[in-house]
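Quick notes on the structure that follows.
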Amino acid sequence: MSSPGNFSFAGGGVADAYEDLLVPVLFEPWAHHLLAVQDDWKNKRVLDLATGTGIVARLLAEQVGPAGSVVGADINGEMLSVARQRSAASGHEIEFIESPVHPLNLSDGEFDVVVCQQGFQFFPDRTAAAGEMFRCLKGGGSVVISTWRPVTECGFFGAVCETLESLGEAEISNTMRVPFDFIAGEELARPFEASGFSNVSVENVIKPLEIAGGVEQAVSLAYATPIAPKLRDLPQAAQIQFRDGLTECLRQLTEDGTTMGKMASNLLTARKPV
């Protein structure tokens, strides 16, 4: 099994491809669901951890209003560069900081809410990460965290792994599995309970993956993930086999030409006692 350290969004144009291809299809739809957990964002000061290219932060900026504020934090400077560009282009006032999750370069009791979409599974010390969220929250503040469930429950990405393994590329497949298979749902609550949070709850959320461009666009999405540099390094014949094999898997997966199976995510909510 790969470790989070082997899964990188840096280099190879991954950050731009992630924003242009994966965000509209995958991360923006799920961000709307993540933010729907909170009834009222108005006037809140919110921290978006592992902000990536900033889609959650941009959606938050629309909801907190002029009296609220949003800070996006990430360790990856390339992703933050794209986040700043897209935020400026859309007119959103968001502060982006480059920082590890522990220690966070932020003050105690600074935020009303901490959110983290699909980043917690990559943190090397999850208890320390949850502890930093606890420290940065005001009393009564809350966290909203999402992590993917196993790749076998996430149709498109399961097809990518299956295709790679059929070609003998288990190493690349294992890298692709990291966001899905590196933390089990039952393990997600423990760091937050250990850090002093109350009302810790984990829900299993399932949504279809809709790709308007069908199978052809779906195949191109594999090249917007962090395994893209490894795919491009394969011999040309192997790349053709990968594209052909994935195309066949996806044709078997879809019934209507645009729905590429389902995606499943854990959704954790918790509160810092007053």
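Labels for the structure tokens follow display order: chains A, B, ..., residues from 1 in each chain, ligands from 1.
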
Residues flagged helix (DSSP H, G or I) by DSSP in segment 60-251 of chain A, as a ChimeraX atom specification: /A:60-64,77-90,120-122,126-136,151-153,155-166,170-181,185-194,214-224,228-233,236-251

Please produce an output containing C-alpha atoms for each residue in the selection, written as a compact mmCIF listing (two decimals), in the first residue's frame.
# COMPACT_ATOMS: atom_id res chain seq x y z
CA LEU A 60 -17.63 29.72 1.40
CA ALA A 61 -16.72 33.30 0.47
CA GLU A 62 -20.08 33.61 -1.27
CA GLN A 63 -21.90 32.48 1.86
CA VAL A 64 -20.13 34.16 4.80
CA GLY A 77 2.43 26.01 -3.08
CA GLU A 78 1.47 25.02 -6.64
CA MET A 79 -2.13 24.37 -5.65
CA LEU A 80 -2.22 27.64 -3.67
CA SER A 81 -0.92 29.58 -6.68
CA VAL A 82 -3.88 28.34 -8.73
CA ALA A 83 -6.21 29.05 -5.79
CA ARG A 84 -5.04 32.66 -5.57
CA GLN A 85 -5.39 33.18 -9.32
CA ARG A 86 -8.92 31.75 -9.46
CA SER A 87 -9.99 33.63 -6.33
CA ALA A 88 -8.75 36.94 -7.72
CA ALA A 89 -10.42 36.29 -11.08
CA SER A 90 -13.76 35.62 -9.39
CA PHE A 120 -7.69 14.57 6.19
CA GLN A 121 -6.65 11.13 4.87
CA PHE A 122 -3.33 12.62 3.72
CA ARG A 126 -4.26 12.64 12.24
CA THR A 127 -4.56 13.09 15.99
CA ALA A 128 -2.20 16.07 15.83
CA ALA A 129 -4.21 17.45 12.90
CA ALA A 130 -7.49 17.14 14.82
CA GLY A 131 -5.79 18.74 17.81
CA GLU A 132 -4.76 21.74 15.73
CA MET A 133 -8.33 22.13 14.47
CA PHE A 134 -9.53 22.03 18.09
CA ARG A 135 -6.96 24.68 19.08
CA CYS A 136 -7.91 27.06 16.26
CA VAL A 151 -12.17 2.66 -3.98
CA THR A 152 -14.43 -0.38 -4.47
CA GLU A 153 -17.33 1.96 -3.58
CA GLY A 155 -16.93 3.35 -9.46
CA PHE A 156 -14.78 5.49 -11.75
CA PHE A 157 -11.66 5.30 -9.58
CA GLY A 158 -12.20 1.60 -9.02
CA ALA A 159 -12.19 1.20 -12.80
CA VAL A 160 -8.91 3.12 -13.05
CA CYS A 161 -7.29 0.82 -10.46
CA GLU A 162 -8.73 -2.32 -12.05
CA THR A 163 -7.38 -1.32 -15.46
CA LEU A 164 -3.91 -0.55 -14.12
CA GLU A 165 -3.75 -3.86 -12.26
CA SER A 166 -4.77 -5.77 -15.40
CA ALA A 170 0.09 -2.37 -9.37
CA GLU A 171 2.36 0.40 -8.09
CA ILE A 172 0.43 3.11 -9.94
CA SER A 173 -2.85 1.52 -8.88
CA ASN A 174 -1.77 1.54 -5.23
CA THR A 175 -0.96 5.23 -5.51
CA MET A 176 -4.44 5.89 -6.91
CA ARG A 177 -5.95 3.96 -4.00
CA VAL A 178 -4.41 6.21 -1.33
CA PRO A 179 -7.24 8.80 -1.07
CA PHE A 180 -9.78 5.98 -0.76
CA ASP A 181 -8.20 3.07 1.07
CA GLY A 185 -14.61 5.20 8.06
CA GLU A 186 -14.59 3.71 11.55
CA GLU A 187 -11.13 5.20 12.12
CA LEU A 188 -12.16 8.73 11.18
CA ALA A 189 -13.88 9.63 14.46
CA ARG A 190 -11.07 8.53 16.76
CA PRO A 191 -8.66 11.48 16.33
CA PHE A 192 -11.48 13.94 16.97
CA GLU A 193 -12.71 12.13 20.05
CA ALA A 194 -9.14 11.93 21.35
CA GLY A 214 -19.26 10.55 -21.19
CA VAL A 215 -16.59 7.88 -21.39
CA GLU A 216 -14.16 9.96 -23.46
CA GLN A 217 -14.09 12.76 -20.88
CA ALA A 218 -13.92 10.23 -18.05
CA VAL A 219 -10.76 8.68 -19.49
CA SER A 220 -9.16 12.13 -19.69
CA LEU A 221 -9.91 12.67 -15.99
CA ALA A 222 -7.37 10.00 -15.07
CA TYR A 223 -4.76 12.39 -16.45
CA ALA A 224 -5.96 15.13 -14.07
CA ALA A 228 -0.91 11.53 -14.34
CA PRO A 229 2.91 11.92 -14.43
CA LYS A 230 3.29 8.16 -13.91
CA LEU A 231 0.77 7.44 -16.65
CA ARG A 232 2.62 9.72 -19.07
CA ASP A 233 5.89 7.99 -18.22
CA GLN A 236 3.29 4.58 -25.60
CA ALA A 237 1.94 1.06 -26.15
CA ALA A 238 1.10 0.74 -22.45
CA GLN A 239 -0.67 4.11 -22.47
CA ILE A 240 -2.80 2.97 -25.39
CA GLN A 241 -3.61 -0.25 -23.52
CA PHE A 242 -4.55 1.77 -20.45
CA ARG A 243 -6.87 4.09 -22.37
CA ASP A 244 -8.47 1.19 -24.25
CA GLY A 245 -8.88 -0.90 -21.10
CA LEU A 246 -10.33 1.97 -19.08
CA THR A 247 -12.70 2.83 -21.91
CA GLU A 248 -14.04 -0.73 -21.89
CA CYS A 249 -14.39 -0.77 -18.07
CA LEU A 250 -16.30 2.51 -18.13
CA ARG A 251 -18.61 1.37 -20.92

Atomic distance atom CA of Gln117 of chain A - atom CA of Ile145 of chain A, expressed in Å with one decimal: 5.9 Å

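Near Phe111 of chain A, within 9 Å and counting only C-alpha atoms, sit Lys44, Arg45, Val46, Leu47, Asp108, Val114, Cys136, Leu137, Lys138, Gly141 and Ser142 of chain A, not including residues fewer than 3 positions from it in the same chain.
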
Let's have the selection written as an mmCIF file, in the first residue's frame, with C-alpha atoms.
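What follows is the written file part.cif:
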data_model
loop_
_atom_site.group_PDB
_atom_site.id
_atom_site.type_symbol
_atom_site.label_atom_id
_atom_site.label_comp_id
_atom_site.auth_asym_id
_atom_site.auth_seq_id
_atom_site.Cartn_x
_atom_site.Cartn_y
_atom_site.Cartn_z
ATOM 1 C CA LYS A 44 -18.672 33.192 10.167
ATOM 2 C CA ARG A 45 -14.881 33.078 10.155
ATOM 3 C CA VAL A 46 -14.008 29.800 8.444
ATOM 4 C CA LEU A 47 -10.794 27.848 7.881
ATOM 5 C CA ASP A 108 -5.830 29.921 19.119
ATOM 6 C CA VAL A 114 -13.034 24.377 10.205
ATOM 7 C CA CYS A 136 -7.906 27.055 16.260
ATOM 8 C CA LEU A 137 -11.645 26.845 16.929
ATOM 9 C CA LYS A 138 -13.601 29.074 19.276
ATOM 10 C CA GLY A 141 -17.084 25.973 17.037
ATOM 11 C CA SER A 142 -17.495 23.037 14.683
#

Within segment 18-239 of chain A, find each residue whose DSSP state, derived from the backbone, is strand (DSSP E or B), and express the selection as a short mmCIF file (atom, residue, chain, number, x, y, z; two decimals) with C-alpha atoms, in the first residue's frame.
data_model
loop_
_atom_site.label_atom_id
_atom_site.label_comp_id
_atom_site.auth_asym_id
_atom_site.auth_seq_id
_atom_site.Cartn_x
_atom_site.Cartn_y
_atom_site.Cartn_z
CA ARG A 45 -14.88 33.08 10.16
CA VAL A 46 -14.01 29.80 8.44
CA LEU A 47 -10.79 27.85 7.88
CA ASP A 48 -10.63 25.60 4.82
CA LEU A 49 -7.86 23.06 5.44
CA SER A 69 -14.04 35.77 6.31
CA VAL A 70 -12.37 32.71 4.83
CA VAL A 71 -8.82 31.43 5.19
CA GLY A 72 -7.58 28.63 2.95
CA ALA A 73 -4.52 26.66 4.11
CA ASP A 74 -2.48 24.10 2.20
CA GLU A 95 -6.62 34.74 2.54
CA PHE A 96 -4.51 31.79 1.43
CA ILE A 97 -1.61 30.62 3.58
CA GLU A 98 1.01 27.95 2.97
CA PHE A 111 -12.40 30.34 13.78
CA ASP A 112 -16.09 29.50 14.04
CA VAL A 113 -15.83 26.52 11.66
CA VAL A 114 -13.03 24.38 10.21
CA VAL A 115 -13.80 22.46 7.02
CA CYS A 116 -11.63 19.95 5.16
CA GLN A 117 -12.77 18.32 1.93
CA LEU A 137 -11.65 26.84 16.93
CA LYS A 138 -13.60 29.07 19.28
CA GLY A 139 -15.53 27.36 22.04
CA GLY A 140 -18.72 26.02 20.47
CA GLY A 141 -17.08 25.97 17.04
CA SER A 142 -17.49 23.04 14.68
CA VAL A 143 -15.63 20.91 12.16
CA VAL A 144 -16.95 19.42 8.91
CA ILE A 145 -14.67 16.79 7.35
CA SER A 146 -15.06 14.52 4.33
CA THR A 147 -12.93 11.55 3.25
CA TRP A 148 -13.58 9.12 0.42
CA SER A 198 -17.98 16.32 21.32
CA ASN A 199 -20.99 15.26 19.24
CA VAL A 200 -18.71 13.39 16.83
CA SER A 201 -20.77 11.85 14.05
CA VAL A 202 -19.78 10.07 10.80
CA GLU A 203 -22.26 9.61 7.94
CA ASN A 204 -21.86 7.56 4.74
CA VAL A 205 -22.89 9.71 1.76
CA ILE A 206 -23.39 8.27 -1.74
CA LYS A 207 -23.81 10.31 -4.93
CA PRO A 208 -23.64 9.43 -8.65
CA LEU A 209 -20.63 10.67 -10.60
CA GLU A 210 -22.03 12.57 -13.58
#

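We find atom CA of Gly119 of chain A and atom CA of Ile75 of chain A to be spaced 10.9 Å apart.
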
Pairwise distance for atom CA of Met260 of chain A and atom CA of Gly213 of chain A, rounded to one decimal in Å: 10.8 Å

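Distances here use only C-alpha atoms; by that measure, the residue among A:Leu35, A:Leu167, A:Met263, A:Leu59 closest to Gly91 of chain A is A:Leu59.
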